[in-house]
>>> print(open('upload-v2.cif').read())   # mmCIF, C-alpha atoms and all ligand atoms
data_data
#
loop_
_atom_site.label_atom_id
_atom_site.label_comp_id
_atom_site.auth_asym_id
_atom_site.auth_seq_id
_atom_site.Cartn_x
_atom_site.Cartn_y
_atom_site.Cartn_z
CA MET X 1058 0.00 0.00 0.00
CA GLU X 1059 1.39 3.36 -1.00
CA GLU X 1060 0.19 6.45 0.79
CA ILE X 1061 -0.24 9.47 -1.47
CA PHE X 1062 0.49 12.46 0.74
CA VAL X 1063 1.03 16.19 0.49
CA PRO X 1064 4.81 16.66 0.79
CA ALA X 1065 6.05 19.42 3.07
CA LEU X 1066 8.14 21.47 0.64
CA GLY X 1067 9.91 24.72 1.37
CA MET X 1068 10.58 26.33 4.68
CA ALA X 1069 7.11 27.08 5.94
CA MET X 1070 4.46 25.28 3.96
CA ASP X 1071 1.49 24.66 6.22
CA SER X 1072 -1.28 23.51 3.91
CA VAL X 1073 -2.39 23.23 0.29
CA VAL X 1074 -5.70 23.33 -1.54
CA LEU X 1075 -6.87 20.22 -3.35
CA LEU X 1076 -7.72 21.45 -6.86
CA GLU X 1077 -8.64 18.28 -8.68
CA TRP X 1078 -8.77 14.51 -8.42
CA THR X 1079 -7.26 13.01 -11.59
CA LYS X 1080 -8.11 9.44 -10.48
CA GLN X 1081 -11.30 8.11 -8.94
CA PRO X 1082 -11.67 5.44 -6.24
CA GLY X 1083 -11.31 2.01 -7.86
CA ASP X 1084 -9.38 3.35 -10.88
CA GLN X 1085 -6.31 1.48 -12.06
CA VAL X 1086 -3.18 3.62 -11.37
CA ASN X 1087 0.17 3.19 -13.09
CA ALA X 1088 3.46 4.20 -11.44
CA GLY X 1089 4.25 7.80 -12.34
CA GLU X 1090 0.63 8.77 -13.02
CA SER X 1091 -1.02 11.79 -11.42
CA ILE X 1092 -3.56 11.13 -8.68
CA ALA X 1093 -4.48 14.70 -7.81
CA VAL X 1094 -3.53 18.31 -8.41
CA ILE X 1095 -2.78 20.58 -5.46
CA GLU X 1096 -2.08 24.27 -5.11
CA THR X 1097 0.64 25.49 -2.74
CA ASP X 1098 1.35 29.13 -1.87
CA LYS X 1099 3.74 29.21 -4.84
CA THR X 1100 2.60 26.82 -7.54
CA THR X 1101 0.30 24.00 -8.59
CA LEU X 1102 1.62 20.48 -8.78
CA ASP X 1103 0.61 16.91 -9.43
CA LEU X 1104 0.79 14.28 -6.71
CA THR X 1105 1.88 11.11 -8.47
CA ALA X 1106 1.97 7.44 -7.53
CA GLU X 1107 5.31 5.65 -7.26
CA THR X 1108 3.72 2.23 -7.54
CA SER X 1109 0.95 0.71 -9.66
CA GLY X 1110 -2.35 -0.54 -8.24
CA VAL X 1111 -5.92 0.52 -7.56
CA LEU X 1112 -6.84 3.83 -5.97
CA GLY X 1113 -8.61 3.70 -2.60
CA LYS X 1114 -11.02 6.24 -1.10
CA HIS X 1115 -10.68 9.99 -1.62
CA ARG X 1116 -9.91 11.22 1.88
CA TYR X 1117 -10.49 14.89 0.95
CA GLN X 1118 -12.83 16.70 -1.42
CA VAL X 1119 -11.99 19.26 -4.11
CA ASN X 1120 -11.36 22.71 -2.57
CA ASP X 1121 -10.50 21.19 0.83
CA GLU X 1122 -7.47 22.62 2.60
CA VAL X 1123 -5.04 19.76 3.34
CA PRO X 1124 -2.28 20.11 5.97
CA ALA X 1125 1.20 19.33 4.66
CA GLY X 1126 2.18 15.76 5.44
CA ASN X 1127 -1.37 14.40 5.36
CA THR X 1128 -2.36 11.39 3.26
CA ILE X 1129 -5.07 12.07 0.65
CA ALA X 1130 -5.50 8.50 -0.66
CA VAL X 1131 -3.75 5.15 -0.91
CA VAL X 1132 -2.77 3.00 -3.89
CA LEU X 1133 -3.59 -0.64 -3.17
CA ALA X 1134 -1.58 -3.56 -4.48
CA PRO X 1135 -3.49 -6.71 -5.56
CA GLY X 1136 -5.14 -8.31 -2.53
CA GLU X 1137 -4.74 -5.27 -0.28
CA VAL X 1138 -7.68 -3.56 1.36
CA GLU X 1139 -7.84 -0.04 2.76
CA MET T 1140 48.32 5.91 12.13
CA SER T 1141 47.59 4.98 8.53
CA THR T 1142 44.96 2.31 9.10
CA LEU T 1143 42.06 1.81 11.48
CA ASP T 1144 42.38 -1.11 13.92
CA LYS T 1145 39.56 -3.61 14.37
CA GLU T 1146 37.75 -1.72 17.09
CA LYS T 1147 37.93 1.63 15.29
CA SER T 1148 36.94 0.04 11.97
CA LEU T 1149 33.80 -1.52 13.40
CA ALA T 1150 32.92 1.70 15.19
CA ALA T 1151 33.42 3.67 11.97
CA LEU T 1152 31.33 1.25 9.93
CA ARG T 1153 28.50 1.33 12.44
CA GLN T 1154 28.63 5.11 12.67
CA MET T 1155 28.31 5.39 8.87
CA MET T 1156 25.31 3.05 8.97
CA VAL T 1157 23.74 5.18 11.71
CA ILE T 1158 24.14 8.32 9.61
CA ARG T 1159 22.67 6.72 6.48
CA ASP T 1160 19.67 5.26 8.28
CA PHE T 1161 19.14 8.48 10.23
CA GLU T 1162 19.16 10.62 7.08
CA GLU T 1163 16.91 8.38 5.01
CA THR T 1164 14.44 8.14 7.89
CA ALA T 1165 14.53 11.88 8.62
CA ASP T 1166 14.08 12.69 4.91
CA LYS T 1167 10.76 10.81 4.83
CA LEU T 1168 9.61 12.44 8.07
CA CYS T 1169 10.57 15.85 6.70
CA LEU T 1170 8.31 15.32 3.68
CA ARG T 1171 5.57 14.53 6.19
CA GLY T 1172 6.06 17.93 7.80
CA LYS T 1173 7.79 16.71 10.97
CA VAL T 1174 10.93 18.85 10.55
CA PRO T 1175 10.13 22.55 10.86
CA GLY T 1176 12.28 24.53 8.43
CA GLY T 1177 13.31 21.52 6.37
CA MET T 1178 16.69 19.82 6.25
CA HIS T 1179 19.75 18.99 4.14
CA ASN T 1180 20.34 15.26 3.72
CA SER T 1181 23.97 14.07 3.89
CA SER T 1182 23.44 10.52 2.59
CA GLY T 1183 26.49 9.50 0.56
CA GLN T 1184 28.86 11.71 2.57
CA GLU T 1185 29.28 9.47 5.61
CA ALA T 1186 32.96 8.54 5.17
CA ALA T 1187 34.18 12.12 5.04
CA ALA T 1188 32.46 12.87 8.36
CA VAL T 1189 33.31 9.64 10.18
CA GLY T 1190 36.90 9.55 8.89
CA VAL T 1191 37.57 13.01 10.33
CA MET T 1192 35.95 12.28 13.68
CA SER T 1193 37.81 8.94 14.00
CA ALA T 1194 41.03 10.96 14.10
CA LEU T 1195 39.86 13.52 16.66
CA ALA T 1196 39.85 13.43 20.45
CA PRO T 1197 36.53 14.06 22.23
CA ASP T 1198 37.72 17.53 23.32
CA ASP T 1199 38.63 18.70 19.83
CA VAL T 1200 36.38 21.42 18.44
CA ILE T 1201 34.35 21.37 15.22
CA ALA T 1202 32.19 23.94 13.49
CA THR T 1203 30.20 23.00 10.44
CA THR T 1204 27.67 24.09 7.82
CA HIS T 1205 23.96 23.96 7.00
CA ARG T 1206 24.51 20.25 6.15
CA SER T 1207 25.65 18.94 9.50
CA HIS T 1208 23.68 15.90 10.69
CA HIS T 1209 26.55 13.59 9.67
CA HIS T 1210 29.15 15.67 11.49
CA THR T 1211 27.02 15.90 14.62
CA LEU T 1212 26.27 12.18 14.79
CA ALA T 1213 29.91 11.32 14.05
CA LYS T 1214 31.00 13.70 16.83
CA GLY T 1215 29.13 11.42 19.22
CA PHE T 1216 25.74 13.07 19.67
CA THR T 1217 23.03 10.42 19.91
CA PRO T 1218 20.48 9.86 17.15
CA LYS T 1219 17.78 10.50 19.77
CA SER T 1220 19.08 13.97 20.66
CA VAL T 1221 19.69 14.92 17.02
CA MET T 1222 16.30 13.65 15.80
CA ALA T 1223 14.60 15.50 18.65
CA GLU T 1224 16.33 18.71 17.55
CA LEU T 1225 15.11 18.21 13.98
CA PHE T 1226 11.60 17.91 15.43
CA ALA T 1227 12.25 21.14 17.45
CA LYS T 1228 11.68 19.33 20.75
CA SER T 1229 13.07 20.34 24.13
CA THR T 1230 15.15 17.14 24.34
CA GLY T 1231 17.12 18.07 21.23
CA VAL T 1232 20.83 18.93 21.26
CA SER T 1233 19.98 22.63 21.12
CA GLY T 1234 16.91 22.39 23.32
CA GLY T 1235 14.64 22.53 20.29
CA ARG T 1236 15.67 26.11 19.55
CA GLY T 1237 18.00 25.42 16.64
CA GLY T 1238 16.53 22.76 14.40
CA SER T 1239 18.37 20.92 11.64
CA MET T 1240 20.69 23.80 10.74
CA HIS T 1241 21.75 24.75 14.27
CA LEU T 1242 22.88 21.53 15.89
CA ALA T 1243 25.43 22.45 18.54
CA GLY T 1244 26.91 21.47 21.89
CA VAL T 1245 29.65 23.91 22.78
CA GLU T 1246 30.62 22.16 26.01
CA ARG T 1247 31.30 19.02 23.95
CA GLY T 1248 33.35 20.80 21.30
CA HIS T 1249 30.56 21.26 18.75
CA PHE T 1250 30.44 24.95 17.85
CA GLY T 1251 27.46 24.42 15.63
CA GLY T 1252 26.10 24.29 12.17
CA ASN T 1253 24.82 27.53 10.66
CA GLY T 1254 23.06 28.84 7.59
CA ILE T 1255 25.79 31.13 6.26
CA VAL T 1256 27.87 29.47 3.58
CA GLY T 1257 31.55 29.50 4.60
CA ALA T 1258 30.94 30.70 8.16
CA GLY T 1259 31.92 27.40 9.82
CA VAL T 1260 35.55 27.93 8.82
CA GLY T 1261 35.65 31.35 10.48
CA ILE T 1262 34.00 30.09 13.66
CA ALA T 1263 36.37 27.12 13.91
CA MET T 1264 39.36 29.37 13.19
CA GLY T 1265 38.31 31.55 16.12
CA ALA T 1266 38.15 28.45 18.29
CA ALA T 1267 41.65 27.49 17.10
CA LEU T 1268 42.91 30.93 18.10
CA GLY T 1269 41.34 30.42 21.53
CA ILE T 1270 43.02 27.03 21.86
CA GLN T 1271 46.38 28.61 21.02
CA VAL T 1272 45.93 31.50 23.46
CA LEU T 1273 44.88 29.13 26.26
CA LYS T 1274 47.70 26.69 25.34
CA ASP T 1275 45.21 23.79 25.23
CA LYS T 1276 46.33 20.48 23.74
CA LYS T 1277 43.62 20.17 21.16
CA VAL T 1278 42.71 21.15 17.62
CA SER T 1279 39.79 22.78 15.84
CA VAL T 1280 38.21 21.58 12.61
CA GLY T 1281 36.18 23.75 10.26
CA PHE T 1282 33.93 22.13 7.66
CA VAL T 1283 32.99 23.92 4.46
CA GLY T 1284 31.17 22.80 1.31
CA ASP T 1285 32.59 23.07 -2.21
CA GLY T 1286 30.28 26.08 -2.67
CA GLY T 1287 31.91 27.70 0.36
CA MET T 1288 35.32 27.47 -1.33
CA ASN T 1289 34.36 30.43 -3.49
CA THR T 1290 33.46 32.80 -0.72
CA GLY T 1291 35.93 35.34 0.68
CA ARG T 1292 35.41 34.65 4.37
CA THR T 1293 36.72 31.10 3.96
CA TRP T 1294 40.07 32.35 2.68
CA GLU T 1295 40.34 35.18 5.18
CA ALA T 1296 40.09 32.59 7.94
CA ILE T 1297 42.58 30.25 6.26
CA ASN T 1298 45.08 33.06 5.79
CA MET T 1299 44.85 34.07 9.44
CA ALA T 1300 45.30 30.46 10.56
CA VAL T 1301 48.45 30.22 8.44
CA ILE T 1302 50.09 33.40 9.71
CA TYR T 1303 49.35 32.49 13.36
CA LYS T 1304 50.14 28.77 12.84
CA LEU T 1305 46.85 27.85 14.47
CA PRO T 1306 45.98 24.26 15.47
CA PHE T 1307 43.38 24.12 12.73
CA ILE T 1308 42.15 21.72 10.04
CA ILE T 1309 39.92 22.82 7.17
CA ILE T 1310 37.84 20.04 5.65
CA CYS T 1311 36.10 20.72 2.37
CA ASP T 1312 33.08 18.40 2.48
CA ASN T 1313 33.11 18.41 -1.31
CA ASN T 1314 29.90 16.79 -2.50
CA GLN T 1315 30.53 18.40 -5.90
CA TYR T 1316 27.42 20.57 -5.99
CA ALA T 1317 26.40 23.89 -4.48
CA VAL T 1318 22.64 23.55 -4.86
CA GLU T 1319 22.57 23.00 -8.66
CA THR T 1320 26.07 24.28 -9.48
CA PHE T 1321 28.70 21.67 -10.35
CA VAL T 1322 32.05 22.34 -8.67
CA GLY T 1323 33.98 21.77 -11.90
CA ARG T 1324 32.18 24.69 -13.53
CA VAL T 1325 33.03 27.24 -10.87
CA THR T 1326 36.51 26.33 -9.63
CA GLY T 1327 39.06 28.72 -11.11
CA GLY T 1328 42.30 26.79 -11.63
CA GLY T 1329 40.36 23.53 -11.33
CA ASP T 1330 42.17 22.25 -8.23
CA LEU T 1331 41.13 23.21 -4.70
CA ALA T 1332 44.23 21.84 -2.94
CA LYS T 1333 46.44 23.78 -5.32
CA ARG T 1334 44.45 26.93 -4.61
CA ALA T 1335 44.79 26.39 -0.86
CA SER T 1336 48.51 25.67 -1.07
CA GLY T 1337 48.95 29.19 -2.42
CA PHE T 1338 48.00 30.32 1.10
CA GLY T 1339 51.00 28.43 2.43
CA LEU T 1340 49.58 25.39 4.17
CA PRO T 1341 49.80 21.64 3.44
CA SER T 1342 46.84 20.90 1.17
CA PHE T 1343 45.46 17.65 -0.17
CA ASN T 1344 42.77 16.38 -2.53
CA ILE T 1345 41.63 13.02 -1.17
CA ASN T 1346 39.04 10.30 -1.71
CA GLY T 1347 36.22 11.26 0.63
CA GLN T 1348 34.48 7.91 0.06
CA ASP T 1349 37.24 5.99 1.84
CA VAL T 1350 36.83 6.45 5.59
CA GLU T 1351 40.34 5.21 6.24
CA GLU T 1352 41.96 7.65 3.82
CA VAL T 1353 40.06 10.52 5.44
CA TYR T 1354 41.12 9.26 8.88
CA LYS T 1355 44.78 9.06 7.85
CA TYR T 1356 45.00 12.58 6.39
CA THR T 1357 43.12 14.04 9.35
CA ALA T 1358 45.28 12.22 11.91
CA GLU T 1359 48.45 13.51 10.24
CA ALA T 1360 47.03 17.04 10.10
CA ARG T 1361 46.16 16.79 13.80
CA GLU T 1362 49.73 15.71 14.65
CA ARG T 1363 51.13 18.70 12.77
CA ALA T 1364 48.66 21.04 14.47
CA LEU T 1365 49.54 19.74 17.96
CA ALA T 1366 53.25 20.06 17.14
CA GLY T 1367 52.75 23.78 16.46
CA GLU T 1368 53.15 23.42 12.70
CA GLY T 1369 49.89 25.13 11.83
CA PRO T 1370 46.83 24.33 9.73
CA THR T 1371 46.10 21.81 6.97
CA PHE T 1372 43.56 21.91 4.16
CA ILE T 1373 41.85 18.68 3.09
CA ASN T 1374 39.51 18.50 0.11
CA ALA T 1375 37.50 15.29 0.64
CA VAL T 1376 35.70 14.49 -2.60
CA THR T 1377 32.34 12.87 -1.96
CA TYR T 1378 28.78 12.90 -3.35
CA ARG T 1379 25.32 13.63 -2.06
CA TYR T 1380 22.64 11.15 -3.05
CA TYR T 1381 19.58 13.32 -2.45
CA GLY T 1382 18.60 16.84 -3.43
CA HIS T 1383 20.19 19.94 -1.94
CA ASN T 1384 17.29 20.13 0.51
CA VAL T 1385 14.47 17.70 1.15
CA GLY T 1386 11.80 17.83 -1.52
CA GLU T 1387 14.05 19.37 -4.19
CA LYS T 1388 13.20 18.21 -7.70
CA GLY T 1389 16.67 18.43 -9.24
CA GLN T 1390 17.17 18.74 -12.99
CA TYR T 1391 20.87 19.51 -12.94
CA ARG T 1392 22.41 16.02 -12.92
CA THR T 1393 21.54 12.70 -14.48
CA GLN T 1394 20.04 9.67 -12.76
CA GLU T 1395 22.96 7.70 -14.26
CA GLU T 1396 25.49 9.88 -12.44
CA ILE T 1397 23.71 9.38 -9.11
CA ALA T 1398 23.39 5.63 -9.74
CA GLU T 1399 27.09 5.34 -10.57
CA TRP T 1400 28.15 6.92 -7.28
CA ARG T 1401 25.59 4.93 -5.31
CA THR T 1402 26.54 1.57 -6.78
CA SER T 1403 30.29 1.75 -7.37
CA LYS T 1404 31.58 4.34 -4.89
CA ASP T 1405 29.31 3.97 -1.89
CA PRO T 1406 31.37 4.54 1.28
CA ILE T 1407 29.46 2.01 3.40
CA ASP T 1408 29.56 -0.77 0.79
CA TYR T 1409 33.25 -0.09 0.22
CA PHE T 1410 34.22 -0.20 3.88
CA THR T 1411 32.00 -3.22 4.56
CA GLY T 1412 34.17 -4.99 1.97
CA VAL T 1413 37.34 -3.89 3.76
CA VAL T 1414 36.03 -5.08 7.13
CA LEU T 1415 35.07 -8.47 5.69
CA GLU T 1416 38.38 -8.85 3.86
CA ARG T 1417 40.38 -8.13 7.02
CA LYS T 1418 38.13 -10.55 8.89
CA PHE T 1419 37.19 -7.90 11.44
CA ALA T 1420 33.60 -9.19 11.20
CA THR T 1421 31.55 -11.92 9.53
CA GLN T 1422 28.67 -11.22 7.17
CA GLN T 1423 26.33 -12.28 9.97
CA GLU T 1424 27.88 -9.72 12.32
CA ILE T 1425 27.49 -7.01 9.68
CA ASP T 1426 23.82 -7.94 9.24
CA ASP T 1427 23.31 -7.84 13.00
CA MET T 1428 25.01 -4.45 13.12
CA ARG T 1429 22.64 -3.09 10.47
CA ALA T 1430 19.63 -4.47 12.36
CA SER T 1431 20.75 -2.89 15.62
CA VAL T 1432 21.19 0.44 13.82
CA ARG T 1433 17.64 0.13 12.44
CA THR T 1434 16.31 -0.37 15.97
CA GLU T 1435 18.33 2.58 17.27
CA ILE T 1436 16.91 4.93 14.62
CA ASP T 1437 13.35 3.70 15.22
CA GLU T 1438 13.88 4.47 18.90
CA ALA T 1439 15.22 7.91 18.01
CA VAL T 1440 12.03 8.70 16.06
CA ALA T 1441 9.81 7.46 18.90
CA PHE T 1442 11.82 9.57 21.35
CA ALA T 1443 11.53 12.68 19.18
CA GLU T 1444 7.79 12.14 18.61
CA SER T 1445 7.04 11.72 22.29
CA SER T 1446 9.29 14.53 23.58
CA PRO T 1447 7.70 17.82 24.67
CA GLU T 1448 8.11 21.09 22.83
CA PRO T 1449 10.15 23.76 24.65
CA ALA T 1450 7.99 25.45 27.32
CA ILE T 1451 6.83 28.95 26.43
CA SER T 1452 8.08 30.08 29.85
CA THR T 1453 11.67 29.42 28.68
CA ILE T 1454 11.39 31.64 25.62
CA THR T 1455 13.77 34.33 26.90
CA GLN T 1456 16.45 31.83 27.87
CA GLY T 1457 19.49 31.63 25.64
CA VAL T 1458 18.83 35.01 24.04
CA ASP T 1459 21.86 36.49 25.82
CA SER T 1460 24.66 35.05 27.91
CA GLY T 1461 22.51 35.33 31.02
CA LYS T 1462 25.22 37.41 32.65
CA LEU T 1463 23.89 40.81 31.62
CA GLY T 1464 20.70 40.69 33.65
CA ILE T 1465 18.62 41.77 30.67
CA GLN T 1466 14.87 41.51 31.32
CA LEU T 1467 12.89 40.72 28.18
C1 LIG B 1501 26.55 33.55 2.35
C2 LIG B 1501 25.50 32.70 1.75
N1 LIG B 1501 25.27 32.75 0.42
C3 LIG B 1501 24.33 31.97 -0.14
C4 LIG B 1501 23.57 31.13 0.64
C5 LIG B 1501 22.50 30.23 0.00
N2 LIG B 1501 22.97 28.85 -0.01
C6 LIG B 1501 22.60 27.97 0.94
S1 LIG B 1501 23.33 26.47 0.74
C7 LIG B 1501 24.13 26.99 -0.65
C8 LIG B 1501 25.04 26.07 -1.40
C9 LIG B 1501 26.14 25.56 -0.57
O1 LIG B 1501 26.87 24.62 -1.28
P1 LIG B 1501 28.08 23.90 -0.60
O2 LIG B 1501 28.94 24.88 0.10
O3 LIG B 1501 28.73 23.06 -1.64
O4 LIG B 1501 27.40 22.98 0.53
P2 LIG B 1501 26.43 21.73 0.33
O5 LIG B 1501 25.03 22.26 0.31
O6 LIG B 1501 26.78 21.05 -0.92
O7 LIG B 1501 26.67 20.88 1.54
C10 LIG B 1501 23.84 28.31 -0.93
C11 LIG B 1501 24.37 29.05 -2.08
C12 LIG B 1501 23.84 31.10 2.02
N3 LIG B 1501 23.15 30.29 2.84
N4 LIG B 1501 24.80 31.87 2.56
MG MG B 1502 28.45 21.08 -2.06
#
>>> encode(input="upload-v2.cif", output="structure tokens")
Amino acid sequence: MEEIFVPALGMAMDSVVLLEWTKQPGDQVNAGESIAVIETDKTTLDLTAETSGVLGKHRYQVNDEVPAGNTIAVVLAPGEVE
Amino acid sequence: MSTLDKEKSLAALRQMMVIRDFEETADKLCLRGKVPGGMHNSSGQEAAAVGVMSALAPDDVIATTHRSHHHTLAKGFTPKSVMAELFAKSTGVSGGRGGSMHLAGVERGHFGGNGIVGAGVGIAMGAALGIQVLKDKKVSVGFVGDGGMNTGRTWEAINMAVIYKLPFIIICDNNQYAVETFVGRVTGGGDLAKRASGFGLPSFNINGQDVEEVYKYTAEARERALAGEGPTFINAVTYRYYGHNVGEKGQYRTQEEIAEWRTSKDPIDYFTGVVLERKFATQQEIDDMRASVRTEIDEAVAFAESSPEPAISTITQGVDSGKLGIQL
């Protein structure tokens, strides 16, 4: 199971805004693919998966503010459950 | 003095493993927002730090740079107390006031990391002057990055150490990049030891991936310093495996270059081979060592997580020497 989380980048990044989900729960995800788009105080960026699998639940909704470090979803390997 | 005996070799190998595991663990926690202010990962640079410290006595002084976890751990500070400082907790080496870039312990000869490129050399040179004035039998070591070799304050300090014959060793922790700038592109004359020798001190370019080579050059420099023969400059060529700071998405070097250093020049792999060849340990003992390091770093994280933040009531402490009676 891979946790997709908001990385704490820069000196004082507290939270980001979730702009868009690019994958839905149950979707097949390939390593390197975007899961969601977030907006930091400086830029927008894609959160990508490092592993392949199936996307679990969306833990936040579009426009939610997400604290840096928090997990927004998991990518499940075959046989894994959330 | 040219090789490490069995006891020192095993200690050096374990210390390098501690640094690697510490850094890789802290890097992940930093991305999770656990390290206020971020951090600079020293993975890949273990031998240059541990080789130097293996040649020093506990009383010897160091001052370092913004990338200083490896120096601090190698100087003998526990992973618990360093991790707690990264987390800005009261149990950290600097009481949670310094964070990753200000690890220090003056009473134990650690005059700190700092965020000003090149400043560690000046601070350590001042300590060397103090040692000379007080006629102490110890030396001071100043660490500087390759980027810091192109800043004036570094050379002002080196010049002063030469003219006063200070008990001083300058170590260039040369990981070959200053953020995204490759050292080869910005080194006039192309040879740092040659540049330093123009200031009139013994100067060497050495393999910073070989802990024993670093130990040997540092031990010889220390002997000269204690004999009143003045400072030495050592350019220890090494490599950092991760970005300049945690979370950096670097575009300035190839994955192949990183892979080559990681697979064929790794300081821990190399010295593990030496230890096995000299029969200082069996493969099983090496595996056990790695497992015990893993446990130690896990414990350091748990300690940092569960430690309290500095109390607000202590906020005015450490602002001045405490001797001036200033009321804030
Ligand atoms: C005087 C000064 N100039 C610039 C900076 C910004 N800065 C921080 S780290 C760095 C690069 C340092 O490179 P190097 O000395 O090679 O150390 P490394 O990061 O590789 O350990 C720079 C330019 C600074 N902190 N201080
Ligand atoms: Mg550098």
>>> residues_near_ligand(input="upload-v2.cif", ligand="ligand LIG 1501 (chain B)", cutoff="9 Å", atoms="all atoms listed in the file", output="number ranges by chain")
T: 1179-1181, 1204-1207, 1253-1258, 1283-1290, 1311-1322, 1378-1379, 1383-1384
>>> interface_residues(input="upload-v2.cif", of="chain T", to="chain X", cutoff="7 Å", atoms="all atoms listed in the file", output="JSON list (two decimals) with C-alpha atoms, in the frame of the given file")
[["chain", "number", "residue", "atom", "x", "y", "z"],
["T", 1169, "CYS", "CA", 10.57, 15.85, 6.70],
["T", 1170, "LEU", "CA", 8.31, 15.32, 3.68],
["T", 1171, "ARG", "CA", 5.57, 14.53, 6.19],
["T", 1172, "GLY", "CA", 6.06, 17.93, 7.80],
["T", 1176, "GLY", "CA", 12.28, 24.53, 8.43],
["T", 1177, "GLY", "CA", 13.31, 21.52, 6.37],
["T", 1386, "GLY", "CA", 11.80, 17.83, -1.52]]
>>> residues_around(input="upload-v2.cif", residues="Val1119 (chain X)", least_positions_apart="4", cutoff="9 Å", atoms="all atoms listed in the file", output="number ranges by chain")
X: 1074-1078
>>> closest_residue(input="upload-v2.cif", among="T:Gln1423, T:Ser1431, T:Gln1184, T:Ser1279", to="ligand MG 1502 (chain B)", atoms="only C-alpha atoms and all ligand atoms")
T:Gln1184
>>> closest_residue(input="upload-v2.cif", among="T:Ala1300, T:Gly1412, T:Tyr1380, T:Gly1237", to="ligand MG 1502 (chain B)", atoms="only C-alpha atoms and all ligand atoms")
T:Tyr1380
>>> residues_near_point(input="upload-v2.cif", point="(50.3, 25.4, 16.6)", cutoff="6 Å", atoms="all atoms listed in the file", output="list in words")
Lys1304, Leu1305, Pro1306, Ala1364, Leu1365, Gly1367, Glu1368 and Gly1369 of chain T
>>> closest_residue(input="upload-v2.cif", among="T:Gly1235, T:Glu1351, T:Phe1282, T:Ile1345", to="ligand MG 1502 (chain B)", atoms="only C-alpha atoms and all ligand atoms")
T:Phe1282
>>> closest_residue(input="upload-v2.cif", among="X:Glu1139, X:Ala1134, X:Gln1118, X:Ile1095", to="Gln1081 (chain X)", atoms="only C-alpha atoms")
X:Gln1118
>>> residues_around(input="upload-v2.cif", residues="region 1274-1278 of chain T", least_positions_apart="2", cutoff="10 Å", atoms="all atoms listed in the file", output="count of residues only")
28
>>> atom_distance(input="upload-v2.cif", atom1="CA of Thr1097 (chain X)", atom2="CA of Val1073 (chain X)")
4.8 Å
>>> closest_residue(input="upload-v2.cif", among="X:Met1058, X:Val1138, X:Val1086, X:Ala1130", to="Lys1114 (chain X)", atoms="all atoms listed in the file")
X:Ala1130
>>> residues_near_point(input="upload-v2.cif", point="(25.4, 9.4, -5.6)", cutoff="10 Å", atoms="all atoms listed in the file", output="ChimeraX atom specification")
/T:1182-1184,1314,1377-1381,1394-1405
